[in-house]
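Q: Pasting model26.cif here (mmCIF, C-alpha atoms):
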```
data_final
#
loop_
_atom_site.label_atom_id
_atom_site.label_comp_id
_atom_site.auth_asym_id
_atom_site.auth_seq_id
_atom_site.Cartn_x
_atom_site.Cartn_y
_atom_site.Cartn_z
CA MET A 1 -11.76 4.00 19.55
CA ALA A 2 -12.52 7.72 19.76
CA PRO A 3 -12.96 9.58 16.44
CA PHE A 4 -9.80 11.09 14.94
CA ALA A 5 -8.62 12.97 11.86
CA ARG A 6 -4.85 12.32 11.69
CA LEU A 7 -3.67 9.88 14.35
CA ILE A 8 0.00 9.73 15.36
CA ARG A 9 1.97 7.63 17.87
CA PHE A 10 5.00 9.07 19.66
CA GLU A 11 7.31 8.43 22.62
CA SER A 12 8.32 10.87 25.37
CA ASN A 13 10.49 9.98 28.37
CA GLY A 14 9.95 6.30 27.70
CA ASP A 15 6.14 6.55 27.59
CA ILE A 16 4.03 5.88 24.47
CA TYR A 17 1.31 8.39 23.53
CA PHE A 18 -1.29 8.76 20.80
CA SER A 19 -2.47 12.14 19.56
CA ASP A 20 -4.77 13.60 16.92
CA LEU A 21 -3.19 16.29 14.73
CA GLY A 22 -6.63 17.41 13.64
CA VAL A 23 -7.60 18.59 10.19
CA ASP A 24 -5.04 20.59 8.22
CA THR A 25 -6.28 24.18 8.07
CA ILE A 26 -3.85 25.25 5.33
CA GLU A 27 -5.54 25.56 1.97
CA THR A 28 -3.65 23.16 -0.32
CA PRO A 29 -5.05 22.65 -3.83
CA HIS A 30 -5.46 19.09 -5.11
CA LEU A 31 -3.54 18.96 -8.37
CA GLY A 32 -4.61 16.81 -11.28
CA SER A 33 -7.98 15.62 -12.51
CA HIS A 34 -10.38 13.36 -10.67
CA ILE A 35 -10.05 9.80 -11.94
CA THR A 36 -12.33 6.93 -10.96
CA ALA A 37 -10.60 3.89 -9.42
CA TYR A 38 -10.64 0.69 -11.44
CA LEU A 39 -13.09 -1.26 -9.31
CA SER A 40 -12.95 -4.32 -11.54
CA LEU A 41 -11.15 -5.76 -14.55
CA ASP A 42 -14.15 -4.81 -16.70
CA ASP A 43 -13.72 -1.15 -15.74
CA LEU A 44 -10.05 -1.31 -16.68
CA VAL A 45 -10.75 -2.94 -20.03
CA ALA A 46 -13.42 -0.34 -20.81
CA GLU A 47 -11.05 2.50 -19.95
CA LYS A 48 -8.23 1.03 -22.06
CA ASN A 49 -10.65 0.13 -24.89
CA SER A 50 -9.04 -3.27 -25.30
CA ALA A 51 -10.17 -6.86 -24.94
CA THR A 52 -6.77 -7.83 -23.53
CA VAL A 53 -5.05 -5.83 -20.80
CA SER A 54 -1.63 -6.31 -19.26
CA LEU A 55 0.34 -3.85 -17.15
CA GLY A 56 4.11 -3.99 -16.83
CA LYS A 57 4.01 -7.16 -19.00
CA LEU A 58 2.02 -8.90 -16.27
CA PRO A 59 -1.56 -10.12 -16.88
CA VAL A 60 -4.22 -8.45 -14.75
CA PRO A 61 -5.83 -11.12 -12.52
CA ALA A 62 -9.54 -11.36 -11.75
CA ASN A 63 -8.77 -11.12 -8.01
CA PRO A 64 -6.04 -9.37 -6.01
CA PRO A 65 -2.88 -11.48 -5.58
CA LEU A 66 -2.02 -11.69 -1.87
CA TRP A 67 1.04 -12.43 0.24
CA THR A 68 2.14 -11.51 3.75
CA LYS A 69 4.92 -9.68 5.51
CA PRO A 70 5.82 -10.73 9.07
CA ALA A 71 5.52 -8.34 12.02
CA ALA A 72 9.33 -8.04 12.16
CA SER A 73 9.26 -6.21 8.82
CA LEU A 74 7.35 -3.28 10.35
CA ALA A 75 9.40 -0.08 10.69
CA ALA A 76 8.81 3.53 11.72
CA PRO A 77 8.82 6.19 8.95
CA HIS A 78 12.42 7.34 9.52
CA GLU A 79 13.85 4.21 11.11
CA ASP A 80 17.18 2.79 9.91
CA ILE A 81 16.83 -0.39 7.84
CA PRO A 82 19.58 -3.02 8.28
CA MET A 83 21.01 -4.37 5.02
CA ASN A 84 22.68 -7.73 4.46
CA LYS A 85 25.39 -7.11 1.86
CA ASP A 86 26.15 -10.82 1.52
CA ARG A 87 22.69 -11.31 0.03
CA LEU A 88 22.87 -8.25 -2.21
CA ILE A 89 19.80 -6.73 -0.59
CA LEU A 90 21.25 -3.21 -0.79
CA ASP A 91 21.79 -3.23 -4.56
CA LEU A 92 18.53 -4.95 -5.47
CA THR A 93 16.00 -3.23 -3.21
CA PRO A 94 13.84 -0.66 -5.04
CA VAL A 95 11.86 1.97 -3.17
CA LYS A 96 8.09 1.63 -3.65
CA GLY A 97 5.64 4.13 -2.21
CA GLU A 98 2.19 2.70 -1.53
CA LEU A 99 -1.20 3.59 -0.09
CA VAL A 100 -1.83 1.54 3.08
CA PHE A 101 -5.08 0.99 4.96
CA VAL A 102 -5.48 -0.39 8.49
CA VAL A 103 -8.30 -2.72 9.59
CA SER A 104 -10.31 -1.38 12.55
CA ARG A 105 -11.79 -4.62 13.89
CA GLU A 106 -11.77 -8.34 13.22
CA CYS A 107 -13.68 -9.36 10.11
CA ARG A 108 -14.46 -12.44 8.05
CA ASP A 109 -16.53 -13.05 4.90
CA VAL A 110 -17.45 -9.37 4.46
CA SER A 111 -18.81 -7.91 1.23
CA PRO A 112 -17.13 -4.90 -0.44
CA ALA A 113 -19.94 -2.68 0.87
CA GLU A 114 -19.48 -4.02 4.41
CA ALA A 115 -15.68 -3.77 4.18
CA GLU A 116 -15.81 0.03 4.04
CA SER A 117 -16.83 0.16 7.71
CA TYR A 118 -13.89 -2.05 8.72
CA ILE A 119 -11.23 0.41 7.50
CA LEU A 120 -9.80 2.39 10.41
CA GLY A 121 -7.74 4.79 8.31
CA TYR A 122 -5.09 5.31 5.64
CA THR A 123 -1.36 5.98 5.68
CA ALA A 124 1.72 5.75 3.45
CA GLY A 125 4.09 2.80 3.24
CA ASN A 126 7.31 1.73 1.55
CA ASP A 127 7.19 -1.86 0.30
CA LEU A 128 10.86 -2.77 0.19
CA SER A 129 11.60 -5.94 -1.78
CA CYS A 130 14.79 -7.78 -2.67
CA ARG A 131 14.40 -8.32 -6.41
CA LEU A 132 17.04 -11.06 -6.43
CA TYR A 133 14.75 -13.38 -4.47
CA GLN A 134 11.69 -12.59 -6.58
CA MET A 135 13.31 -14.25 -9.59
CA PRO A 136 11.98 -17.79 -10.24
CA GLU A 137 15.48 -19.24 -10.53
CA GLN A 138 16.33 -17.94 -7.03
CA ALA A 139 13.17 -18.62 -5.02
CA GLY A 140 10.70 -20.43 -7.26
CA GLY A 141 8.71 -17.29 -8.09
CA GLN A 142 7.22 -16.73 -4.61
CA PHE A 143 7.54 -13.23 -3.11
CA PHE A 144 7.35 -13.81 0.66
CA TYR A 145 11.08 -14.25 1.34
CA ALA A 146 12.02 -11.25 -0.83
CA LYS A 147 9.69 -8.96 1.13
CA ALA A 148 10.01 -10.36 4.65
CA PHE A 149 13.37 -8.97 5.78
CA ASP A 150 13.55 -6.97 9.01
CA LYS A 151 12.25 -3.38 8.71
CA PHE A 152 11.17 -3.88 5.08
CA ALA A 153 7.77 -2.23 5.69
CA PRO A 154 8.12 1.38 6.92
CA LEU A 155 4.68 2.91 7.60
CA GLY A 156 3.41 6.34 8.65
CA PRO A 157 3.84 8.88 10.05
CA ALA A 158 0.08 9.60 10.45
CA LEU A 159 -3.07 7.50 10.13
CA ILE A 160 -5.70 9.48 8.21
CA SER A 161 -9.35 8.83 9.06
CA PRO A 162 -11.74 7.73 6.28
CA GLU A 163 -13.71 10.95 6.82
CA VAL A 164 -10.64 13.07 6.02
CA PHE A 165 -9.37 10.76 3.24
CA GLY A 166 -12.77 10.69 1.54
CA ASP A 167 -12.90 8.73 -1.71
CA GLY A 168 -9.25 9.54 -2.46
CA LYS A 169 -9.99 11.17 -5.80
CA GLY A 170 -7.45 13.84 -6.73
CA LEU A 171 -5.05 12.90 -3.91
CA LYS A 172 -1.45 12.25 -4.96
CA LEU A 173 1.22 9.81 -3.83
CA VAL A 174 4.77 11.19 -4.03
CA THR A 175 7.90 9.09 -3.38
CA ARG A 176 11.29 10.75 -3.01
CA VAL A 177 14.79 9.25 -2.86
CA ASN A 178 17.38 11.65 -1.43
CA GLY A 179 15.04 14.52 -2.27
CA LYS A 180 14.48 13.41 -5.88
CA VAL A 181 10.91 12.60 -6.88
CA VAL A 182 10.78 9.07 -8.34
CA GLN A 183 7.01 8.52 -8.17
CA GLU A 184 4.26 11.13 -8.39
CA VAL A 185 0.81 9.88 -9.34
CA GLU A 186 -2.80 10.24 -8.34
CA ILE A 187 -3.43 7.57 -5.72
CA LEU A 188 -6.31 5.94 -7.61
CA LYS A 189 -5.01 6.35 -11.16
CA ASP A 190 -3.32 2.94 -11.52
CA MET A 191 -5.29 1.09 -8.85
CA ILE A 192 -7.25 -1.85 -10.24
CA PHE A 193 -8.81 -3.01 -6.95
CA ALA A 194 -10.34 -0.54 -4.47
CA PRO A 195 -9.37 -0.96 -0.77
CA ALA A 196 -12.83 -2.29 0.15
CA LYS A 197 -12.65 -4.85 -2.67
CA ILE A 198 -9.23 -5.97 -1.44
CA LEU A 199 -10.38 -6.34 2.16
CA SER A 200 -13.53 -8.19 1.11
CA PHE A 201 -11.61 -10.68 -1.03
CA MET A 202 -8.92 -11.42 1.56
CA SER A 203 -11.58 -11.96 4.26
CA GLN A 204 -13.36 -14.75 2.41
CA GLY A 205 -12.88 -17.82 4.59
CA THR A 206 -10.09 -16.05 6.50
CA THR A 207 -10.31 -14.09 9.76
CA ILE A 208 -8.55 -10.73 9.37
CA PRO A 209 -7.40 -9.42 12.78
CA ALA A 210 -7.92 -5.85 13.92
CA GLY A 211 -4.79 -3.79 13.31
CA THR A 212 -3.83 -5.58 10.08
CA ALA A 213 -2.13 -3.13 7.70
CA VAL A 214 -2.70 -3.73 3.98
CA MET A 215 -0.33 -2.36 1.36
CA THR A 216 -2.31 -1.77 -1.83
CA GLY A 217 0.60 -1.95 -4.28
CA THR A 218 2.86 0.52 -6.00
CA PRO A 219 1.99 2.61 -9.08
CA ALA A 220 4.16 3.57 -12.05
CA GLY A 221 7.80 4.51 -11.62
CA VAL A 222 9.29 1.62 -9.66
CA GLY A 223 12.50 -0.21 -10.52
CA ALA A 224 12.56 -2.35 -13.63
CA PHE A 225 8.84 -1.79 -14.25
CA ARG A 226 9.03 1.93 -15.11
CA SER A 227 6.38 2.44 -17.79
CA PRO A 228 3.51 4.84 -18.57
CA ASP A 229 0.93 2.51 -17.02
CA GLY A 230 2.68 0.66 -14.21
CA PHE A 231 0.75 -1.91 -12.21
CA TRP A 232 -0.58 -2.63 -8.73
CA ILE A 233 0.02 -5.78 -6.72
CA ILE A 234 -1.39 -6.27 -3.25
CA GLU A 235 0.58 -7.05 -0.10
CA ILE A 236 -0.63 -7.54 3.47
CA LEU A 237 1.37 -6.63 6.54
CA SER A 238 0.36 -8.95 9.37
CA ARG A 239 -0.13 -7.49 12.81
#
```
Mind turning this structure into structure tokens?
A:
Amino acid sequence: MAPFARLIRFESNGDIYFSDLGVDTIETPHLGSHITAYLSLDDLVAEKNSATVSLGKLPVPANPPLWTKPAASLAAPHEDIPMNKDRLILDLTPVKGELVFVVSRECRDVSPAEAESYILGYTAGNDLSCRLYQMPEQAGGQFFYAKAFDKFAPLGPALISPEVFGDGKGLKLVTRVNGKVVQEVEILKDMIFAPAKILSFMSQGTTIPAGTAVMTGTPAGVGAFRSPDGFWIIEILSR
């Protein structure tokens, strides 16, 4: 693929096109301080100065928890999302803004250092989930069904190249609902596992196809888990 800065996909007269928006020339200051990502549980413990760490009342695992979303859950940034009122999806579906990265080429058994070169770019995503079916008494505690409904993974609108994204320090993720800001945090502030660490772990013994989009989890400010710290859980959107 040719180099790009901010890749977009659009349709005109029934034809599909890809275009590069280039680098933003408007000087926009990065607000907030630079905070190092939590690359491991040890880093998180050291930062919190505690031998025991839990976020949102959930224990922090040694490795990223993983589950998948089917291709049918993919949606465009402003696409309508069908709701099934009989299953209470509408009332129990929180909005969760997340950093997403896309895999550039097939990989398997890559190290964190190698994984960096397999990341095509970064974008924003909304990990919609039906909380009702995340409850153990409803679905046994597994998350796939709750997250797999049609159009439950809006992504975009632009794919930002690693060169433009850089290390992500100082960049902010903002989620709005009807114009109201419900999440506004530095992208790396609550992240326990860096994108390369996530990709490396999920590739161990498993072939990851090119084009796989990986949601890296939502920070503080979501649904029932609103708290000063928040937590990150990893999801994968299959191609």
Q: Can you list, as a PyMOL selection string, the residues that the PyMOL selection byres ((chain A and resi 101) around 8) selects here?
A: chain A and resi 99-100+102-103+119-123+195+213-216
Q: Just give me the gap between CA of Pro3 in chain A and CA of Ala115 in chain A in Å, one decimal is fine.
A: 18.3 Å
Q: Quick one: of A:Gly205, A:Pro112, A:Gly140, A:Gly97, who's nearest to Ala153 in chain A, counting all atoms listed in the file?
A: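 Among the listed residues, the smallest separation from Ala153 in chain A belongs to A:Gly97.
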Q: Given the file shown, enumerate the residues that the PyMOL selection byres ((chain A and resi 204) around 9) captures and present them as a CSV table (one decimal) with C-alpha atoms, in the coordinates of the input.
A:
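So expr_16.csv came out as:
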```csv
chain,number,residue,atom,x,y,z
A,108,ARG,CA,-14.5,-12.4,8.0
A,109,ASP,CA,-16.5,-13.0,4.9
A,110,VAL,CA,-17.4,-9.4,4.5
A,111,SER,CA,-18.8,-7.9,1.2
A,199,LEU,CA,-10.4,-6.3,2.2
A,200,SER,CA,-13.5,-8.2,1.1
A,201,PHE,CA,-11.6,-10.7,-1.0
A,202,MET,CA,-8.9,-11.4,1.6
A,203,SER,CA,-11.6,-12.0,4.3
A,205,GLY,CA,-12.9,-17.8,4.6
A,206,THR,CA,-10.1,-16.0,6.5
A,207,THR,CA,-10.3,-14.1,9.8
```
Q: Mind running range 156-233 of chain A against range 124-128 of chain A at 9 Å and telling me each contacting residue's nearest atom pair with the distance in Å (one decimal), counting all atoms listed in the file, chain and number ascending, as JSON lines?
A:
```
{"residue": "A:Gly156", "atom": "CA", "partner": "A:Ala124", "partner_atom": "CA", "distance": 5.5}
{"residue": "A:Pro157", "atom": "CA", "partner": "A:Ala124", "partner_atom": "CA", "distance": 7.6}
{"residue": "A:Ala158", "atom": "CA", "partner": "A:Ala124", "partner_atom": "CA", "distance": 8.2}
{"residue": "A:Leu159", "atom": "CA", "partner": "A:Ala124", "partner_atom": "CA", "distance": 8.4}
{"residue": "A:Leu173", "atom": "CA", "partner": "A:Ala124", "partner_atom": "CA", "distance": 8.4}
{"residue": "A:Thr175", "atom": "CA", "partner": "A:Asn126", "partner_atom": "CA", "distance": 8.9}
{"residue": "A:Met215", "atom": "CA", "partner": "A:Gly125", "partner_atom": "CA", "distance": 7.0}
{"residue": "A:Gly217", "atom": "CA", "partner": "A:Asp127", "partner_atom": "CA", "distance": 8.0}
{"residue": "A:Thr218", "atom": "CA", "partner": "A:Asp127", "partner_atom": "CA", "distance": 8.0}
```
Q: Store the residues picked out above in a file with C-alpha atoms, as a PDB file, in the frame of the given file.
A:
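And here's selection-v8.pdb as it stands now:
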```pdb
ATOM      1  CA  GLY A 156       3.410   6.340   8.650  1.00  0.00           C
ATOM      2  CA  PRO A 157       3.840   8.880  10.050  1.00  0.00           C
ATOM      3  CA  ALA A 158       0.080   9.600  10.450  1.00  0.00           C
ATOM      4  CA  LEU A 159      -3.070   7.500  10.130  1.00  0.00           C
ATOM      5  CA  LEU A 173       1.220   9.810  -3.830  1.00  0.00           C
ATOM      6  CA  THR A 175       7.900   9.090  -3.380  1.00  0.00           C
ATOM      7  CA  MET A 215      -0.330  -2.360   1.360  1.00  0.00           C
ATOM      8  CA  GLY A 217       0.600  -1.950  -4.280  1.00  0.00           C
ATOM      9  CA  THR A 218       2.860   0.520  -6.000  1.00  0.00           C
TER      10      THR A 218
END
```
Q: What does the structure give for the distance between CA of Phe165 in chain A and CA of Ala148 in chain A, in Å to one decimal?
A: 28.7 Å
Q: In Å, rounded to a single decimal, give me how far CA of Thr212 in chain A is from CA of Pro70 in chain A.
A: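 CA of Thr212 in chain A lies 11.0 Å from CA of Pro70 in chain A.
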Q: Determine the nearest neighbour of Gly168 in chain A from the options A:Lys189, A:Lys180, A:Lys151, A:His78, counting all atoms listed in the file.
A: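 Closest candidate: A:Lys189.
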Q: Which residue is closest to Glu116 in chain A? Choose from A:Ala210, A:Ile187, A:Phe18, A:Pro162 and count all atoms listed in the file.
A: A:Pro162
Q: Hey, which of A:Ile192, A:Glu184, A:Pro77, A:Phe152 ends up closest to Phe10 in chain A? Count all atoms listed in the file.
A: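 Going through A:Ile192, A:Glu184, A:Pro77, A:Phe152 one by one, the smallest distance to Phe10 in chain A is for A:Pro77.
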Q: Compute the distance from (11.6, 0.3, 9.4) to each atom, counting all atoms listed in the file, keep the residues with any atom at most 6 Å away, and return them as a VMD selection string; use the coordinates of the file.
A: chain A and resid 74 to 76 79 81 151 153 to 154
Q: Out of A:Glu98, A:Leu155, A:Cys107, A:Asp80, which residue has the shortest atom-to-atom distance to Val185 in chain A when counting only C-alpha atoms?
A: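 For Val185 in chain A, the nearest of the candidates is A:Glu98.
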Q: Point out the residue among A:Leu188, A:Leu66, A:Ala5, A:Val177 with the least atom-to-atom distance to Val95 in chain A, counting only C-alpha atoms.
A: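 So, comparing all the options, the nearest one is A:Val177.
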Q: Around the point (-6.3, -15.7, -6.5) (coordinates from the file), which residues reach within 12 Å if we count all atoms listed in the file? Answer as an mmCIF file with C-alpha atoms, in the coordinates of the input.
A:
```cif
data_model
loop_
_atom_site.group_PDB
_atom_site.id
_atom_site.type_symbol
_atom_site.label_atom_id
_atom_site.label_comp_id
_atom_site.auth_asym_id
_atom_site.auth_seq_id
_atom_site.Cartn_x
_atom_site.Cartn_y
_atom_site.Cartn_z
ATOM 1 C CA VAL A 60 -4.220 -8.450 -14.750
ATOM 2 C CA PRO A 61 -5.830 -11.120 -12.520
ATOM 3 C CA ALA A 62 -9.540 -11.360 -11.750
ATOM 4 C CA ASN A 63 -8.770 -11.120 -8.010
ATOM 5 C CA PRO A 64 -6.040 -9.370 -6.010
ATOM 6 C CA PRO A 65 -2.880 -11.480 -5.580
ATOM 7 C CA LEU A 66 -2.020 -11.690 -1.870
ATOM 8 C CA TRP A 67 1.040 -12.430 0.240
ATOM 9 C CA ILE A 198 -9.230 -5.970 -1.440
ATOM 10 C CA PHE A 201 -11.610 -10.680 -1.030
ATOM 11 C CA MET A 202 -8.920 -11.420 1.560
ATOM 12 C CA GLN A 204 -13.360 -14.750 2.410
ATOM 13 C CA ILE A 233 0.020 -5.780 -6.720
ATOM 14 C CA ILE A 234 -1.390 -6.270 -3.250
#
```
